[in-house]
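Just below is one structure, and these are the notes that go with it.
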Amino acid sequence: MNEHQPSIPAQLAAHRTADLMRQVILAAAPAALISTWYFGYGVVLNLLVAICFAYALEASALYVRRRPIQHHLADSSVLVTAMLFALSVPPGIPWWMIALGTGFAVLLAKQVFGGLGQNPFNPAMAGYLFLLLAFPLEMTAWHVSEAVIDPDSGHSVLGLASFCGQLELLFPGLIFSSFDIDGLVMATPLIESKLASKSALMSAWSEGRSLLARGSETGWEWINVAYLLGGLYLIIKRIITWHIPMSILTTVLGWSLFFYSPEQSAIVGTPYLHLFGSATMIGAFFIATDPVSAPTSNPARVVYGIIIGSCIYGVRVWGSYLDAIAIAVIFGNFLAPLLDHMLRPRIFGQISHSRAAPAPLGQASTENTAHE
Amino acid sequence: MLSQAVRWLTEGRLASFSGGIRPPKQTQRTLRSRVMATPIPERLIMPLTIYRKQERLTPAVRIGEAVRKYQCLATHLQDPDLILHAPTSGMITAITRDVLEIQSDGLDQALILCGNTTEKITQADILQSIGRAGIVGQGGAGYPTVKKIRLAASAGVKVLIVNAAECEPFVCCDEALIREFADQVVKGAEYLMQASAADAGVIAIESDKHEAIAAIQEPLKASSLTLRLLAAKYPAGDERILIKSLTGQEIPDSANPAERGILVQNAGTAKAVFDAVKLGQPSISRIVTVAGAPLKTPKNFSALLGTPVSDLLSWCGFEHEGHSEEPSAHLQHTDHLKIIVGGPLTGRRADMFCESVQQTTTCVIATDKINFPASGPEHACIRCGFCAEACPVRLLPQQLLLHSRNFDEHNLNSHGLHSCIECGACAYVCPSKIPLVQHFRQSKEILRDSAAERSESQLRQARYRHWQTRQGRTARRQVKQAAEPERETPFSRENARSEIAEAVARVKEKKSGKRQ
């Protein structure tokens, strides 16, 4: 008879970490496409630059740390980080800013702490916040083609001219002489609160205009709807749980309802605008749900969502920053370990998790084995 | 029959628990054939260690001795309830420290059994029969049944739960057992109730075992037991989880279910109890599921204890290297260690030529690459929390993993590592393929060691303190003696002689007293 081998679960579920990451990317892809449709090639170019830099930097960091490069790159987590980062930064910022942000995200926020699973802060948001602090002006202005602002100008958002324009913005040294940079600067609709009173989609619908007509009003709403649907897909696929997004959205909605008054909507915004006018959906479903930096038990997740939601609303309305997802998420990250420590589920058979003194293991387990 | 089962399904609220996983059951192919008695194997390997190798039996036979079926092979020196019987007739060919090997003669010559045919069977009769038959729990650890019953009876047991909830994929021996021997299981359960003096009896079956549920309806009518259906989740069949599902009571790992008035027995044990009480038959066989994709005809066997696993597999059309005449493509890479004994989640990989059927063997699985892929290199934990969702005892495996890696004793204790039932649900769902159970088992080991070390060092410290006080006392006495001159009379020959004479006189007096 051979040595008594310990039992091990030999059968394992089929899904893998890389699959989860791919599902997240798949869920965010429609929103990225819609962003491109409304805001032009800048979004795609940002994505490409960010992904290239992220992979290169991650690989070099792994090389320096003497880790198996292929094995670690295969988990696709760096792709998710790069994608979320690129979707957060405005189109039209120069390439080196993207490189800087990705570098901060991948190297300082992730690899320095020991790679995937070890980072206390969401890497994409850390990179974004770094850029926001370093280049506040560039990070809050959306360079988009003229066609977005004025659909009747005759320029096409997805035309060659627009592409070259975005390319020139991305690589400031390059000059495609014949084209003027038709990029204009616009801000997120939360600041253009003249749009705040009513859903742009709804009004476009009622006025019989095309819902896909490019205009900043409908664009943001479509993007948020896409993120919402993508997030619901992730929930249905059981890749994320409903706790964090739901508590964020409920909190934001709750605060905006509480402080809402029609005459002041230019300052505090409408509840609808808070949910669909800015980056709330990507924040709630894709960024705050990053499992590594979020708490892991369900009660802690709910509290985490409430904190982030309150923070989003607070910064937006009373703070000096335009949007608050990154700040709120990083703030939540700070509290996640504490929440994990405080809000643990009650262990089977114990009265209360922390009060009950842990049974001395030696005795407990011998009894345990004796009566199974 | 089926409609009856469907009604049961829809009417009765399923008993369930939080967490758990639902791996695909994969029992259909196996259940297609009925339970089959195995041919007598050429060679039987009887392990001499039982109850997780904690108890060792002493052989009662010698090498070369001919034995008959049901003959006692080995006993425990201190504990008469631990006993091993010969499953068939033959000759003892080898005895090692751990195993006893029988070369069967194929004649199956049996000793004559003396069953209990009387109408009135008393509690003592049942206990005696169970003890003599050497029955151990067929579900998991293999704790001697008679001991468990005595323990429960002395604690005042109220409910007997017959556990027919085998929740692991592939395993269907209990389902087959109830499907075909429902009468005997129910009778056995009644004996168990009587033996433990339980007030109520419950048979717990998972709700997706339609045939077993249908089969047990009839025998249940005449008995005092009731049927409860469980949600078909893993690990519904774990003792504590089962109790939680059925009664809502959560029994902590430091307590014994019997203390709370609950006795859990496996359905297979109930059948063995019936055989022991009614027929006087010792426990020499059990139902074993032999399953897996590489088998041509997976089925449930009523296998003699000691049957080598390799025989079971070959009776199911398993072709392994060296034995196969025409190696087919998908069997070429099958090596002899790709066999799992026990369920796919709590079983262990075993060598099929060394391993044999024991009373606790529920299942033998031949693995294939689709259901049992190589786990591959493990990835980093991304704290996705799937494990915490799956954990039936509501632990946070992702946190425990962190603390396990850091050997953080305090946090391991406060996160309840000792409550871990090692069901493997966390490792099953982990997308990063981290062998969580191994980590936890190792940490438990370390905690146990350090607890033992701590208590030992406390003992040593206490001893040292005692020694110090003793030293102090001696020192003080010496100081005192030095201060006061000795009052005792100095030694002299006369004194010594008189003392000796006194002693001799005393002894003489004593002796003379005794004689009278």
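Each chain of the structure tokens is named A, B, ... in the order shown, its residues numbered from 1; ligands are numbered from 1 in display order.
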Considering only C-alpha atoms, return as a compact mmCIF listing (two decimals) with N, CA, C and O atoms, in the first residue's frame whatever protein or nucleic-acid residues lie within 10 Å of Asn298 (chain A), sequence-local ones (same chain, fewer than 6 positions apart) excluded.
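File produced: around-v5.txt:
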```txt
# COMPACT_ATOMS: atom_id res chain seq x y z
N THR A 241 -20.42 40.65 -8.66
CA THR A 241 -21.70 40.54 -7.96
C THR A 241 -22.40 41.89 -8.04
O THR A 241 -21.78 42.91 -8.36
N TRP A 242 -23.66 41.90 -7.73
CA TRP A 242 -24.44 43.12 -7.88
C TRP A 242 -24.14 44.13 -6.78
O TRP A 242 -24.49 45.28 -6.88
N HIS A 243 -23.50 43.69 -5.71
CA HIS A 243 -23.42 44.53 -4.51
C HIS A 243 -22.78 45.89 -4.75
O HIS A 243 -23.35 46.92 -4.40
N ILE A 244 -21.60 45.89 -5.34
CA ILE A 244 -20.89 47.17 -5.49
C ILE A 244 -21.61 48.10 -6.46
O ILE A 244 -21.95 49.23 -6.09
N TYR A 304 -18.73 49.60 0.87
CA TYR A 304 -17.75 50.15 -0.07
C TYR A 304 -18.45 50.94 -1.17
O TYR A 304 -18.06 52.06 -1.50
N ASP A 340 -12.92 45.00 5.00
CA ASP A 340 -12.76 43.55 5.01
C ASP A 340 -12.54 43.03 6.42
O ASP A 340 -12.99 41.95 6.77
N LEU A 343 -16.16 43.86 8.51
CA LEU A 343 -17.44 43.26 8.10
C LEU A 343 -17.22 41.86 7.53
O LEU A 343 -17.29 41.65 6.34
N ARG A 344 -16.95 40.95 8.42
CA ARG A 344 -16.78 39.58 7.96
C ARG A 344 -18.08 38.83 8.15
O ARG A 344 -18.81 39.09 9.10
N PRO A 345 -18.37 37.87 7.28
CA PRO A 345 -19.58 37.08 7.52
C PRO A 345 -19.40 36.21 8.77
O PRO A 345 -18.28 35.87 9.13
N GLY B 385 -13.49 36.49 -5.09
CA GLY B 385 -14.51 36.18 -4.10
C GLY B 385 -15.41 35.01 -4.47
O GLY B 385 -16.37 34.73 -3.78
N ALA B 388 -15.41 32.60 -1.61
CA ALA B 388 -16.22 32.98 -0.45
C ALA B 388 -17.69 32.69 -0.72
O ALA B 388 -18.43 32.30 0.18
N GLU B 389 -18.10 32.86 -1.98
CA GLU B 389 -19.49 32.56 -2.31
C GLU B 389 -19.76 31.07 -2.22
O GLU B 389 -20.85 30.65 -1.86
```
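Between Leu227 (chain B) and the residues B:Val357, B:Pro41, B:Ala15, B:Tyr51, the shortest atom-to-atom distance, using only C-alpha atoms, involves B:Ala15.
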> If you run DSSP on this backbone, which residues of region 4-120 of chain A come out as alpha helix (DSSP H), and could you give them as a PyMOL selection string?
Replying inline: chain A and resi 17-39+42-64+69-73+77-88+95-103
> What does the distance between CA of Pro39 (chain B) and CA of Val288 (chain B) come to in Å, to one decimal place?
Replying inline: 13.9 Å
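The neighbours of Arg394 (chain B) here are the residues that come within 12 Å of it, using only C-alpha atoms and leaving out any residue fewer than 6 positions away in the same chain; they are Ser297, Asn298, Arg344, Pro345, Arg346, Ile347, Phe348, Gly349, Gln350 and His353 of chain A; Phe17, Ser18, Gly19, Gly20, Ile241, Glu250, Gly385, Phe386, Cys387, Ala388, Leu400, His415, Gly416, Leu417, Ser419, Cys420, Ile421, Ala425 and Cys426 of chain B.
Omitting Ala10 (chain A) and its sequence neighbours fewer than 6 positions away, and counting only C-alpha atoms, the residues within 10 Å are Ile340, Gly343, Pro344, Leu345, Thr346, Gly347, Arg348, Arg349, Thr367, Asn371, Phe372, Pro373, Ala374, Ser375, Gly424, Ala427, Tyr428 and Pro435 of chain B.
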>> With only C-alpha atoms as the counted atoms, please give the residues lying no more than 6 Å from region 103-112 of chain A, apart from itself and same-chain residues fewer than 3 positions off, as a list in words.
In response: Ala99, Leu100, Gly115, Asn119, Pro123, Ala124, Ala126 and Gly127 of chain A
>> Need the shell around region 246-261 of chain A: protein/DNA/RNA residues with any atom at most 7 Å away, counting only C-alpha atoms. Skip same-chain ones fewer than 3 positions apart. Format as a ChimeraX atom specification?
In response: /A:242-243,264-265,268,270-271,284,302,305-306,308-310,313
Using C-alpha atoms, can you export the residues from the last selection as a compact mmCIF listing (two decimals), in the first residue's frame?
```
# COMPACT_ATOMS: atom_id res chain seq x y z
CA TRP A 242 -24.44 43.12 -7.88
CA HIS A 243 -23.42 44.53 -4.51
CA GLN A 264 -30.60 74.66 -8.69
CA SER A 265 -30.15 71.89 -11.19
CA VAL A 268 -26.21 70.12 -8.41
CA THR A 270 -30.38 66.20 -12.04
CA PRO A 271 -30.48 62.66 -10.76
CA ALA A 284 -19.84 51.50 -10.92
CA VAL A 302 -22.21 47.22 0.00
CA GLY A 305 -20.28 51.05 -2.74
CA ILE A 306 -22.04 53.50 -0.45
CA ILE A 308 -17.77 55.46 -3.30
CA GLY A 309 -21.22 56.65 -4.29
CA SER A 310 -21.25 59.37 -1.64
CA TYR A 313 -21.61 62.87 -5.52
```
> Can you tell me, as number ranges by chain, what residues are no more than 7 Å from Ala74 (chain A) when counting only C-alpha atoms, ignoring any on the same chain fewer than 3 positions away?
Replying inline: A: 18, 70-71
Suppose we keep all heavy atoms; can you now write the selection as a PDB file, in the first residue's frame?
```pdb
ATOM      1  N   ALA A  18      -7.924  34.295 -16.887  1.00  0.00           N
ATOM      2  CA  ALA A  18      -7.846  34.971 -18.180  1.00  0.00           C
ATOM      3  C   ALA A  18      -9.227  35.074 -18.826  1.00  0.00           C
ATOM      4  O   ALA A  18      -9.551  36.084 -19.468  1.00  0.00           O
ATOM      5  CB  ALA A  18      -6.884  34.222 -19.094  1.00  0.00           C
ATOM      6  N   GLN A  70       5.612  35.133 -19.989  1.00  0.00           N
ATOM      7  CA  GLN A  70       4.437  34.662 -20.730  1.00  0.00           C
ATOM      8  C   GLN A  70       3.303  34.251 -19.796  1.00  0.00           C
ATOM      9  O   GLN A  70       2.151  34.578 -20.025  1.00  0.00           O
ATOM     10  CB  GLN A  70       4.840  33.472 -21.587  1.00  0.00           C
ATOM     11  CG  GLN A  70       4.829  33.819 -23.053  1.00  0.00           C
ATOM     12  CD  GLN A  70       5.066  32.596 -23.892  1.00  0.00           C
ATOM     13  OE1 GLN A  70       5.675  31.630 -23.461  1.00  0.00           O
ATOM     14  NE2 GLN A  70       4.569  32.655 -25.100  1.00  0.00           N
ATOM     15  N   HIS A  71       3.688  33.554 -18.756  1.00  0.00           N
ATOM     16  CA  HIS A  71       2.697  33.052 -17.802  1.00  0.00           C
ATOM     17  C   HIS A  71       1.897  34.209 -17.211  1.00  0.00           C
ATOM     18  O   HIS A  71       0.677  34.137 -17.073  1.00  0.00           O
ATOM     19  CB  HIS A  71       3.424  32.276 -16.706  1.00  0.00           C
ATOM     20  CG  HIS A  71       2.566  31.876 -15.555  1.00  0.00           C
ATOM     21  ND1 HIS A  71       1.628  30.888 -15.660  1.00  0.00           N
ATOM     22  CD2 HIS A  71       2.484  32.341 -14.289  1.00  0.00           C
ATOM     23  CE1 HIS A  71       1.015  30.755 -14.502  1.00  0.00           C
ATOM     24  NE2 HIS A  71       1.513  31.626 -13.655  1.00  0.00           N
TER      25      HIS A  71
END
```
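Using only C-alpha atoms, the shortest contact distance between chain A and any of B:Asp368, B:Asp253, B:Asp105, B:Glu456 is found at B:Asp253.
Candidate residues B:Gly513, B:Pro298, B:Gly131, B:Gly292 were compared for distance to chain A, and the nearest is B:Gly292, using only C-alpha atoms.
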